[in-house]
file input_37.pdb (PDB, C-alpha atoms)
ATOM      1  CA  MET A   1       0.000   0.000   0.000
ATOM      2  CA  THR A   2       1.343   3.433  -0.933
ATOM      3  CA  PRO A   3       1.971   5.550   2.177
ATOM      4  CA  HIS A   4       0.455   8.981   2.619
ATOM      5  CA  ILE A   5       2.999  11.686   1.780
ATOM      6  CA  ALA A   6       2.225  15.037   3.363
ATOM      7  CA  VAL A   7       3.340  18.106   1.398
ATOM      8  CA  ILE A   8       3.740  21.415   3.206
ATOM      9  CA  VAL A   9       4.549  24.698   1.460
ATOM     10  CA  THR A  10       5.507  27.732   3.564
ATOM     11  CA  ASP A  11       6.680  31.259   2.912
ATOM     12  CA  ALA A  12      10.212  32.427   3.737
ATOM     13  CA  GLN A  13       9.172  32.987   7.380
ATOM     14  CA  ARG A  14       7.965  29.345   7.464
ATOM     15  CA  ARG A  15       4.269  30.240   7.700
ATOM     16  CA  ILE A  16       2.120  27.593   6.035
ATOM     17  CA  LEU A  17       0.667  28.556   2.643
ATOM     18  CA  TRP A  18      -0.629  25.174   1.527
ATOM     19  CA  VAL A  19      -0.840  21.524   2.538
ATOM     20  CA  ASN A  20      -2.149  18.575   0.551
ATOM     21  CA  GLU A  21      -4.862  16.077   1.462
ATOM     22  CA  ASP A  22      -2.301  13.559   2.705
ATOM     23  CA  PHE A  23      -1.228  16.098   5.330
ATOM     24  CA  THR A  24      -4.805  16.091   6.619
ATOM     25  CA  ALA A  25      -4.950  12.287   6.483
ATOM     26  CA  ILE A  26      -1.793  11.999   8.603
ATOM     27  CA  THR A  27      -2.268  14.859  11.063
ATOM     28  CA  GLY A  28      -6.016  15.450  11.207
ATOM     29  CA  TYR A  29      -5.511  19.167  10.480
ATOM     30  CA  SER A  30      -7.174  20.726   7.431
ATOM     31  CA  LEU A  31      -5.616  23.533   5.397
ATOM     32  CA  PRO A  32      -7.794  26.284   6.965
ATOM     33  CA  GLU A  33      -6.711  25.129  10.440
ATOM     34  CA  VAL A  34      -2.988  25.481   9.739
ATOM     35  CA  LEU A  35      -2.953  28.332   7.211
ATOM     36  CA  GLY A  36      -0.545  31.030   8.428
ATOM     37  CA  LYS A  37       0.770  28.869  11.267
ATOM     38  CA  LYS A  38       4.200  27.270  11.438
ATOM     39  CA  PRO A  39       4.765  23.510  11.037
ATOM     40  CA  ASN A  40       5.914  23.280  14.660
ATOM     41  CA  ILE A  41       2.185  23.200  15.468
ATOM     42  CA  LEU A  42       2.733  19.444  15.100
ATOM     43  CA  GLN A  43       5.347  19.308  17.860
ATOM     44  CA  GLY A  44       4.575  18.448  21.465
ATOM     45  CA  PRO A  45       6.057  17.267  24.769
ATOM     46  CA  GLY A  46       7.627  14.178  23.222
ATOM     47  CA  SER A  47       9.265  15.954  20.276
ATOM     48  CA  GLU A  48      13.006  15.376  20.589
ATOM     49  CA  PRO A  49      14.956  18.596  21.404
ATOM     50  CA  GLU A  50      17.959  17.402  19.388
ATOM     51  CA  ALA A  51      15.827  16.861  16.291
ATOM     52  CA  ILE A  52      14.252  20.299  16.739
ATOM     53  CA  ARG A  53      17.728  21.856  16.960
ATOM     54  CA  ARG A  54      18.956  20.019  13.859
ATOM     55  CA  ILE A  55      15.951  21.072  11.845
ATOM     56  CA  ARG A  56      16.187  24.667  13.048
ATOM     57  CA  LYS A  57      19.901  24.801  12.202
ATOM     58  CA  GLY A  58      19.282  23.453   8.694
ATOM     59  CA  LEU A  59      16.575  26.061   8.110
ATOM     60  CA  GLU A  60      18.863  28.841   9.316
ATOM     61  CA  MET A  61      21.638  27.602   7.025
ATOM     62  CA  GLN A  62      19.143  27.412   4.126
ATOM     63  CA  VAL A  63      20.105  23.873   3.162
ATOM     64  CA  SER A  64      18.023  20.758   2.516
ATOM     65  CA  ILE A  65      17.311  18.689   5.622
ATOM     66  CA  LYS A  66      16.394  15.060   6.212
ATOM     67  CA  ASP A  67      15.437  14.027   9.740
ATOM     68  CA  SER A  68      12.980  12.205  12.014
ATOM     69  CA  ILE A  69      10.976  13.631  14.892
ATOM     70  CA  THR A  70       8.031  12.707  17.084
ATOM     71  CA  ASN A  71       5.018  14.744  15.973
ATOM     72  CA  TYR A  72       1.439  14.929  17.211
ATOM     73  CA  ARG A  73      -1.855  14.604  15.381
ATOM     74  CA  LYS A  74      -4.762  16.935  16.039
ATOM     75  CA  ASN A  75      -6.287  14.373  18.416
ATOM     76  CA  GLY A  76      -3.125  14.369  20.546
ATOM     77  CA  GLU A  77      -1.794  11.041  19.298
ATOM     78  CA  GLU A  78       1.958  11.000  18.739
ATOM     79  CA  TYR A  79       3.588   9.421  15.691
ATOM     80  CA  PRO A  80       7.125   9.115  14.278
ATOM     81  CA  CYS A  81       7.537  11.615  11.450
ATOM     82  CA  LYS A  82      10.149  11.202   8.715
ATOM     83  CA  LEU A  83      10.689  14.408   6.816
ATOM     84  CA  VAL A  84      12.666  16.208   4.157
ATOM     85  CA  ILE A  85      12.662  20.014   3.891
ATOM     86  CA  HIS A  86      13.995  21.984   0.925
ATOM     87  CA  PRO A  87      14.545  25.756   0.706
ATOM     88  CA  ILE A  88      13.307  27.341  -2.526
ATOM     89  CA  PHE A  89      15.273  30.263  -3.969
ATOM     90  CA  ASP A  90      14.459  32.990  -6.461
ATOM     91  CA  ASP A  91      16.757  34.179  -9.224
ATOM     92  CA  THR A  92      18.771  36.273  -6.757
ATOM     93  CA  ARG A  93      19.288  33.263  -4.459
ATOM     94  CA  GLN A  94      16.953  34.649  -1.817
ATOM     95  CA  VAL A  95      14.775  32.106  -0.039
ATOM     96  CA  THR A  96      11.133  32.590  -1.032
ATOM     97  CA  ASN A  97       9.586  29.380   0.288
ATOM     98  CA  TYR A  98      10.191  26.044   1.943
ATOM     99  CA  ILE A  99       8.674  22.766   0.823
ATOM    100  CA  ALA A 100       8.518  19.747   3.117
ATOM    101  CA  PHE A 101       7.608  16.132   2.442
ATOM    102  CA  GLU A 102       6.622  14.061   5.466
ATOM    103  CA  VAL A 103       5.444  10.501   6.136
ATOM    104  CA  ASP A 104       4.192   8.650   9.176
ATOM    105  CA  GLY A 105       7.082   6.407  10.238
ATOM    106  CA  HIS A 106       4.597   3.662  11.051
ATOM    107  CA  GLU A 107       3.743   3.425   7.341
ATOM    108  CA  VAL A 108       7.251   3.081   5.885
ATOM    109  CA  SER A 109      10.531   1.367   6.636
ATOM    110  CA  GLU A 110      14.041   2.534   5.807
ATOM    111  CA  ALA A 111      14.084   0.089   2.891
ATOM    112  CA  ASP A 112      10.945   1.390   1.180
ATOM    113  CA  GLU A 113      11.146   5.141   1.747
ATOM    114  CA  PRO A 114       9.400   7.065  -1.059
ATOM    115  CA  PRO A 115      11.771   8.855  -3.479
ATOM    116  CA  LEU A 116      10.478  12.226  -2.227
ATOM    117  CA  LEU A 117      12.117  11.493   1.128
ATOM    118  CA  GLN A 118      15.540  11.348  -0.439
ATOM    119  CA  LEU A 119      17.783  14.380  -0.763
ATOM    120  CA  SER A 120      17.918  14.228  -4.539
ATOM    121  CA  GLU A 121      19.987  16.507  -6.711
ATOM    122  CA  LYS A 122      16.791  17.864  -8.188
ATOM    123  CA  TYR A 123      15.994  19.735  -5.001
ATOM    124  CA  SER A 124      19.366  20.263  -3.376
ATOM    125  CA  ASN A 125      20.985  21.801  -6.458
ATOM    126  CA  SER A 126      17.985  23.023  -8.472
ATOM    127  CA  SER A 127      15.540  24.403  -5.939
ATOM    128  CA  LEU A 128      13.931  26.702  -8.485
ATOM    129  CA  LYS A 129      12.606  23.635 -10.254
ATOM    130  CA  GLY A 130      10.872  22.624  -7.021
ATOM    131  CA  ALA A 131       9.303  26.070  -6.773
ATOM    132  CA  ASP A 132       8.093  25.867 -10.359
ATOM    133  CA  GLU A 133       6.521  22.516  -9.615
ATOM    134  CA  ILE A 134       4.477  23.935  -6.738
ATOM    135  CA  ARG A 135       3.489  27.015  -8.751
ATOM    136  CA  LEU A 136       2.291  24.766 -11.560
ATOM    137  CA  LEU A 137       0.219  22.769  -9.078
ATOM    138  CA  PHE A 138      -1.432  25.973  -7.808
ATOM    139  CA  ARG A 139      -2.151  27.105 -11.374
ATOM    140  CA  LEU A 140      -3.608  23.698 -12.236
ATOM    141  CA  LYS A 141      -5.910  23.768  -9.213
ATOM    142  CA  ALA A 142      -7.026  27.299 -10.116
ATOM    143  CA  LEU A 143      -7.772  26.176 -13.668
ATOM    144  CA  MET A 144     -10.000  23.439 -12.300
ATOM    145  CA  GLU A 145     -11.597  25.179  -9.322
ATOM    146  CA  GLU A 146     -12.033  28.690 -10.714
ATOM    147  CA  GLU A 147     -12.437  28.097 -14.450
ATOM    148  CA  LYS A 148     -13.974  24.605 -14.102
ATOM    149  CA  ARG A 149     -12.150  23.263 -17.151
ATOM    150  CA  TYR A 150     -13.156  19.743 -16.105
ATOM    151  CA  LEU A 151     -16.636  20.501 -17.504
ATOM    152  CA  ASP A 152     -15.166  20.161 -21.001
ATOM    153  CA  PRO A 153     -15.789  16.509 -22.008
ATOM    154  CA  ASP A 154     -12.861  16.651 -24.452
ATOM    155  CA  LEU A 155     -10.358  17.955 -21.888
ATOM    156  CA  SER A 156      -6.978  16.275 -22.284
ATOM    157  CA  LEU A 157      -3.549  16.414 -20.713
ATOM    158  CA  ARG A 158      -2.336  18.273 -23.802
ATOM    159  CA  CYS A 159      -5.140  20.860 -23.575
ATOM    160  CA  VAL A 160      -4.338  21.626 -19.946
ATOM    161  CA  ALA A 161      -0.580  21.689 -20.570
ATOM    162  CA  ASP A 162      -1.112  24.205 -23.385
ATOM    163  CA  ALA A 163      -3.399  26.327 -21.174
ATOM    164  CA  LEU A 164      -0.699  26.401 -18.488
ATOM    165  CA  SER A 165       2.171  26.958 -20.951
ATOM    166  CA  THR A 166       3.974  23.791 -19.914
ATOM    167  CA  ASN A 167       4.563  20.335 -21.362
ATOM    168  CA  THR A 168       2.587  17.142 -20.788
ATOM    169  CA  LYS A 169       5.473  15.318 -19.120
ATOM    170  CA  TYR A 170       5.957  17.984 -16.470
ATOM    171  CA  LEU A 171       2.219  18.426 -15.880
ATOM    172  CA  SER A 172       1.785  14.680 -15.482
ATOM    173  CA  GLN A 173       4.682  14.634 -13.008
ATOM    174  CA  VAL A 174       3.065  17.354 -10.891
ATOM    175  CA  VAL A 175      -0.263  15.506 -10.767
ATOM    176  CA  ASN A 176       1.434  12.196  -9.960
ATOM    177  CA  ARG A 177       3.667  13.628  -7.248
ATOM    178  CA  HIS A 178       1.323  16.003  -5.447
ATOM    179  CA  ALA A 179      -2.164  14.693  -6.120
ATOM    180  CA  ARG A 180      -0.886  11.089  -6.208
ATOM    181  CA  GLN A 181      -3.263  10.359  -9.079
ATOM    182  CA  ASN A 182      -3.005  10.120 -12.837
ATOM    183  CA  PHE A 183      -4.363  13.021 -14.841
ATOM    184  CA  GLN A 184      -7.654  11.401 -15.863
ATOM    185  CA  TYR A 185      -8.480  10.384 -12.297
ATOM    186  CA  PHE A 186      -7.543  13.889 -11.099
ATOM    187  CA  VAL A 187     -10.027  15.449 -13.550
ATOM    188  CA  ASN A 188     -12.730  12.896 -12.788
ATOM    189  CA  VAL A 189     -12.588  13.675  -9.072
ATOM    190  CA  TYR A 190     -13.669  17.234  -9.907
ATOM    191  CA  ARG A 191     -16.382  15.957 -12.239
ATOM    192  CA  ILE A 192     -17.805  13.604  -9.605
ATOM    193  CA  GLU A 193     -17.880  16.383  -7.009
ATOM    194  CA  GLU A 194     -19.811  18.516  -9.503
ATOM    195  CA  VAL A 195     -22.217  15.624 -10.113
ATOM    196  CA  LYS A 196     -22.782  15.196  -6.369
ATOM    197  CA  GLN A 197     -23.519  18.910  -5.960
ATOM    198  CA  LYS A 198     -26.043  18.872  -8.799
ATOM    199  CA  ILE A 199     -27.715  15.681  -7.548
ATOM    200  CA  ALA A 200     -28.256  17.445  -4.218
ATOM    201  CA  ASP A 201     -29.622  20.599  -5.898
ATOM    202  CA  PRO A 202     -33.434  20.500  -6.429
ATOM    203  CA  GLU A 203     -32.942  22.691  -9.496
ATOM    204  CA  TYR A 204     -31.530  19.689 -11.360
ATOM    205  CA  ARG A 205     -34.109  17.098 -10.287
ATOM    206  CA  TYR A 206     -35.736  17.263 -13.722
ATOM    207  CA  LEU A 207     -32.620  15.615 -15.185
ATOM    208  CA  THR A 208     -31.689  11.950 -15.127
ATOM    209  CA  LEU A 209     -28.443  10.977 -13.405
ATOM    210  CA  TYR A 210     -26.769  10.616 -16.778
ATOM    211  CA  GLY A 211     -28.238  13.967 -17.840
ATOM    212  CA  ILE A 212     -26.481  15.529 -14.860
ATOM    213  CA  ALA A 213     -23.281  13.671 -15.732
ATOM    214  CA  LEU A 214     -23.359  15.144 -19.243
ATOM    215  CA  GLN A 215     -23.395  18.634 -17.722
ATOM    216  CA  CYS A 216     -20.385  17.753 -15.580
ATOM    217  CA  GLY A 217     -17.942  16.679 -18.280
ATOM    218  CA  PHE A 218     -18.816  13.022 -18.864
ATOM    219  CA  LYS A 219     -19.816  11.881 -22.336
ATOM    220  CA  ASN A 220     -20.179   8.135 -21.867
ATOM    221  CA  LYS A 221     -22.826   6.595 -19.607
ATOM    222  CA  SER A 222     -20.932   3.442 -18.673
ATOM    223  CA  THR A 223     -17.775   5.434 -17.954
ATOM    224  CA  PHE A 224     -19.736   7.766 -15.688
ATOM    225  CA  TYR A 225     -21.222   4.919 -13.646
ATOM    226  CA  LYS A 226     -17.844   3.169 -13.405
ATOM    227  CA  VAL A 227     -15.967   6.315 -12.348
ATOM    228  CA  PHE A 228     -18.631   7.343  -9.841
ATOM    229  CA  ARG A 229     -18.443   3.980  -8.103
ATOM    230  CA  GLU A 230     -14.651   3.936  -8.259
ATOM    231  CA  ILE A 231     -14.358   7.330  -6.542
ATOM    232  CA  THR A 232     -17.289   7.213  -4.082
ATOM    233  CA  GLY A 233     -17.586   3.494  -3.440
ATOM    234  CA  ILE A 234     -21.306   3.421  -4.355
ATOM    235  CA  THR A 235     -23.414   3.763  -7.500
ATOM    236  CA  PRO A 236     -25.034   7.089  -8.467
ATOM    237  CA  ARG A 237     -28.480   5.627  -7.753
ATOM    238  CA  ASP A 238     -27.450   4.490  -4.270
ATOM    239  CA  TYR A 239     -25.949   7.917  -3.648
ATOM    240  CA  LEU A 240     -29.266   9.524  -4.630
ATOM    241  CA  LYS A 241     -31.213   7.120  -2.398
ATOM    242  CA  ASN A 242     -28.949   7.893   0.563
ATOM    243  CA  LEU A 243     -29.342  11.598  -0.095
ATOM    244  CA  ASP A 244     -33.131  11.309  -0.219
ATOM    245  CA  ALA A 245     -33.145   9.289   3.012
ATOM    246  CA  GLN A 246     -31.095  11.967   4.774
ATOM    247  CA  HIS A 247     -33.074  14.890   3.301
ATOM    248  CA  PRO A 248     -36.601  13.712   2.449
ATOM    249  CA  GLN A 249     -38.533  15.941   0.088
ATOM    250  CA  PRO A 250     -41.479  17.781   1.730
ATOM    251  CA  ALA A 251     -44.948  16.427   0.962
ATOM    252  CA  MET A 252     -46.925  18.335  -1.663
TER     253      MET A 252
END

call {"tool": "encode", "arguments": {"input": "input_37.pdb", "output": "structure tokens"}}
result
Amino acid sequence: MTPHIAVIVTDAQRRILWVNEDFTAITGYSLPEVLGKKPNILQGPGSEPEAIRRIRKGLEMQVSIKDSITNYRKNGEEYPCKLVIHPIFDDTRQVTNYIAFEVDGHEVSEADEPPLLQLSEKYSNSSLKGADEIRLLFRLKALMEEEKRYLDPDLSLRCVADALSTNTKYLSQVVNRHARQNFQYFVNVYRIEEVKQKIADPEYRYLTLYGIALQCGFKNKSTFYKVFREITGITPRDYLKNLDAQHPQPAM
């Protein structure tokens, strides 16, 4: 089973700007709860002073760091955290951000550490590339969440790469690394969320489930039903039944 890999992006003062869903899965904290705070929100009484000093020294020296420390989830449970932190520099070699990758030590062994937990040359010697990767992720999310490009049934990796002025290989890498999904699955997650919202909206009750799916970027009925079940664990009809049971329609 692939371990959760938390990604934390901070500003130069180490205030959190963004975390991914795996961060929430590991720690219990959502992005709104940690936005603007420092990652040491995860530390507690059992966090090793020596590890804290090593990490702090690496940050002050503006070098990449690999270490382990006892962290705490939102519910107070402690867990062994394995982490790598990279400084990100601008063209004048000033630190603009830090990016950290963290895993729960219970989920991985030394032998099967994910590549992101290794101090690769990509980040230690080419930190700007790491910054570009995160910027591209933000731009991709904006394209989906603000412009809703997923509603286009013919949307492809090439179309999105062109819209973001990048190449398909790099865009695919960003989706694989940070969303931990392939591109098609990444897009379909947005489409299914849109379907769920419309199913719950009385304004769309005149449409069939497939009619709603057509408005949300799907163009094949069997694909829609397969993807819906794959992502939610239930069929669209069962989802509708559960919704109706939770929110019965008022009698006429």

call {"tool": "closest_residue", "arguments": {"input": "input_37.pdb", "among": "A:Tyr239, A:Leu164, A:Arg191, A:Asn220", "to": "Arg135 of chain A", "atoms": "all atoms listed in the file"}}
result
A:Leu164

call {"tool": "closest_residue", "arguments": {"input": "input_37.pdb", "among": "A:Ile26, A:Leu171, A:Ile212, A:Ile85", "to": "Asp104 of chain A", "atoms": "all atoms listed in the file"}}
result
A:Ile26

call {"tool": "closest_residue", "arguments": {"input": "input_37.pdb", "among": "A:Tyr79, A:Arg205, A:Ser47, A:Val9", "to": "Leu31 of chain A", "atoms": "all atoms listed in the file"}}
result
A:Val9

call {"tool": "atom_distance", "arguments": {"input": "input_37.pdb", "atom1": "atom CA of Glu107 of chain A", "atom2": "atom CA of Ser68 of chain A"}}
result
13.6 Å

call {"tool": "closest_residue", "arguments": {"input": "input_37.pdb", "among": "A:Thr223, A:Ser156, A:Asn40, A:Asn71", "to": "Ile16 of chain A", "atoms": "all atoms listed in the file"}}
result
A:Asn40

call {"tool": "resolve_selection", "arguments": {"input": "input_37.pdb", "expression": "the PyMOL selection byres ((chain A and resi 197) around 12)", "output": "number ranges by chain"}}
result
A: 190-196, 198-205, 209, 212-213, 215-216, 239-240, 243

call {"tool": "write_last_selection", "arguments": {"input": "input_37.pdb", "atoms": "C-alpha atoms", "output": "PDB file, in the coordinates of the input"}}
result
ATOM      1  CA  TYR A 190     -13.669  17.234  -9.907  1.00  0.00           C
ATOM      2  CA  ARG A 191     -16.382  15.957 -12.239  1.00  0.00           C
ATOM      3  CA  ILE A 192     -17.805  13.604  -9.605  1.00  0.00           C
ATOM      4  CA  GLU A 193     -17.880  16.383  -7.009  1.00  0.00           C
ATOM      5  CA  GLU A 194     -19.811  18.516  -9.503  1.00  0.00           C
ATOM      6  CA  VAL A 195     -22.217  15.624 -10.113  1.00  0.00           C
ATOM      7  CA  LYS A 196     -22.782  15.196  -6.369  1.00  0.00           C
ATOM      8  CA  LYS A 198     -26.043  18.872  -8.799  1.00  0.00           C
ATOM      9  CA  ILE A 199     -27.715  15.681  -7.548  1.00  0.00           C
ATOM     10  CA  ALA A 200     -28.256  17.445  -4.218  1.00  0.00           C
ATOM     11  CA  ASP A 201     -29.622  20.599  -5.898  1.00  0.00           C
ATOM     12  CA  PRO A 202     -33.434  20.500  -6.429  1.00  0.00           C
ATOM     13  CA  GLU A 203     -32.942  22.691  -9.496  1.00  0.00           C
ATOM     14  CA  TYR A 204     -31.530  19.689 -11.360  1.00  0.00           C
ATOM     15  CA  ARG A 205     -34.109  17.098 -10.287  1.00  0.00           C
ATOM     16  CA  LEU A 209     -28.443  10.977 -13.405  1.00  0.00           C
ATOM     17  CA  ILE A 212     -26.481  15.529 -14.860  1.00  0.00           C
ATOM     18  CA  ALA A 213     -23.281  13.671 -15.732  1.00  0.00           C
ATOM     19  CA  GLN A 215     -23.395  18.634 -17.722  1.00  0.00           C
ATOM     20  CA  CYS A 216     -20.385  17.753 -15.580  1.00  0.00           C
ATOM     21  CA  TYR A 239     -25.949   7.917  -3.648  1.00  0.00           C
ATOM     22  CA  LEU A 240     -29.266   9.524  -4.630  1.00  0.00           C
ATOM     23  CA  LEU A 243     -29.342  11.598  -0.095  1.00  0.00           C
TER      24      LEU A 243
END

call {"tool": "residues_around", "arguments": {"input": "input_37.pdb", "residues": "Ala161 of chain A", "least_positions_apart": "2", "cutoff": "12 Å", "atoms": "all atoms listed in the file", "output": "JSON, numbers by chain"}}
result
{"A": [136, 137, 139, 140, 143, 155, 156, 157, 158, 159, 163, 164, 165, 166, 167, 168, 169, 170, 171, 172, 173, 174, 175, 183]}

call {"tool": "residues_around", "arguments": {"input": "input_37.pdb", "residues": "segment 49-56 of chain A", "least_positions_apart": "4", "cutoff": "7 Å", "atoms": "all atoms listed in the file", "output": "JSON, numbers by chain"}}
result
{"A": [60, 65, 68, 69]}

call {"tool": "atom_distance", "arguments": {"input": "input_37.pdb", "atom1": "atom CA of Arg93 of chain A", "atom2": "atom CA of Gln13 of chain A"}}
result
15.6 Å

call {"tool": "atom_distance", "arguments": {"input": "input_37.pdb", "atom1": "atom CA of Leu35 of chain A", "atom2": "atom CA of Arg15 of chain A"}}
result
7.5 Å

call {"tool": "build_atoms", "arguments": {"input": "input_37.pdb", "residues": "segment 191-214 of chain A", "atoms": "N, CA and C atoms", "output": "compact mmCIF listing (two decimals), in the frame of the given file"}}
result
# COMPACT_ATOMS: atom_id res chain seq x y z
N ARG A 191 -15.11 16.20 -11.57
CA ARG A 191 -16.38 15.96 -12.24
C ARG A 191 -17.38 15.28 -11.29
N ILE A 192 -16.91 14.31 -10.53
CA ILE A 192 -17.80 13.60 -9.60
C ILE A 192 -18.30 14.53 -8.51
N GLU A 193 -17.44 15.41 -8.02
CA GLU A 193 -17.88 16.38 -7.01
C GLU A 193 -18.96 17.30 -7.57
N GLU A 194 -18.80 17.67 -8.84
CA GLU A 194 -19.81 18.52 -9.50
C GLU A 194 -21.12 17.75 -9.65
N VAL A 195 -21.03 16.47 -10.01
CA VAL A 195 -22.22 15.62 -10.11
C VAL A 195 -22.94 15.55 -8.78
N LYS A 196 -22.19 15.32 -7.71
CA LYS A 196 -22.78 15.20 -6.37
C LYS A 196 -23.49 16.49 -5.96
N GLN A 197 -22.89 17.63 -6.29
CA GLN A 197 -23.52 18.91 -5.96
C GLN A 197 -24.83 19.09 -6.72
N LYS A 198 -24.84 18.70 -7.99
CA LYS A 198 -26.04 18.87 -8.80
C LYS A 198 -27.13 17.87 -8.40
N ILE A 199 -26.74 16.66 -8.02
CA ILE A 199 -27.72 15.68 -7.55
C ILE A 199 -28.43 16.21 -6.31
N ALA A 200 -27.69 16.92 -5.46
CA ALA A 200 -28.26 17.44 -4.22
C ALA A 200 -29.06 18.73 -4.43
N ASP A 201 -28.94 19.33 -5.61
CA ASP A 201 -29.62 20.60 -5.90
C ASP A 201 -30.99 20.33 -6.53
N PRO A 202 -32.08 20.73 -5.88
CA PRO A 202 -33.43 20.50 -6.43
C PRO A 202 -33.62 21.07 -7.83
N GLU A 203 -32.83 22.06 -8.17
CA GLU A 203 -32.94 22.69 -9.50
C GLU A 203 -32.67 21.71 -10.63
N TYR A 204 -31.91 20.64 -10.31
CA TYR A 204 -31.53 19.69 -11.36
C TYR A 204 -32.31 18.38 -11.28
N ARG A 205 -33.35 18.33 -10.46
CA ARG A 205 -34.11 17.10 -10.29
C ARG A 205 -34.89 16.70 -11.55
N TYR A 206 -35.03 17.61 -12.48
CA TYR A 206 -35.74 17.26 -13.72
C TYR A 206 -34.85 16.43 -14.64
N LEU A 207 -33.55 16.36 -14.35
CA LEU A 207 -32.62 15.62 -15.18
C LEU A 207 -32.42 14.20 -14.66
N THR A 208 -32.11 13.28 -15.56
CA THR A 208 -31.69 11.95 -15.13
C THR A 208 -30.27 12.05 -14.57
N LEU A 209 -29.81 10.98 -13.93
CA LEU A 209 -28.44 10.98 -13.40
C LEU A 209 -27.43 11.14 -14.54
N TYR A 210 -27.68 10.47 -15.64
CA TYR A 210 -26.77 10.62 -16.78
C TYR A 210 -26.88 12.01 -17.39
N GLY A 211 -28.07 12.59 -17.36
CA GLY A 211 -28.24 13.97 -17.84
C GLY A 211 -27.39 14.93 -17.03
N ILE A 212 -27.35 14.72 -15.73
CA ILE A 212 -26.48 15.53 -14.86
C ILE A 212 -25.02 15.28 -15.21
N ALA A 213 -24.67 14.01 -15.41
CA ALA A 213 -23.28 13.67 -15.73
C ALA A 213 -22.82 14.36 -17.00
N LEU A 214 -23.71 14.46 -18.00
CA LEU A 214 -23.36 15.14 -19.24
C LEU A 214 -23.01 16.61 -19.01
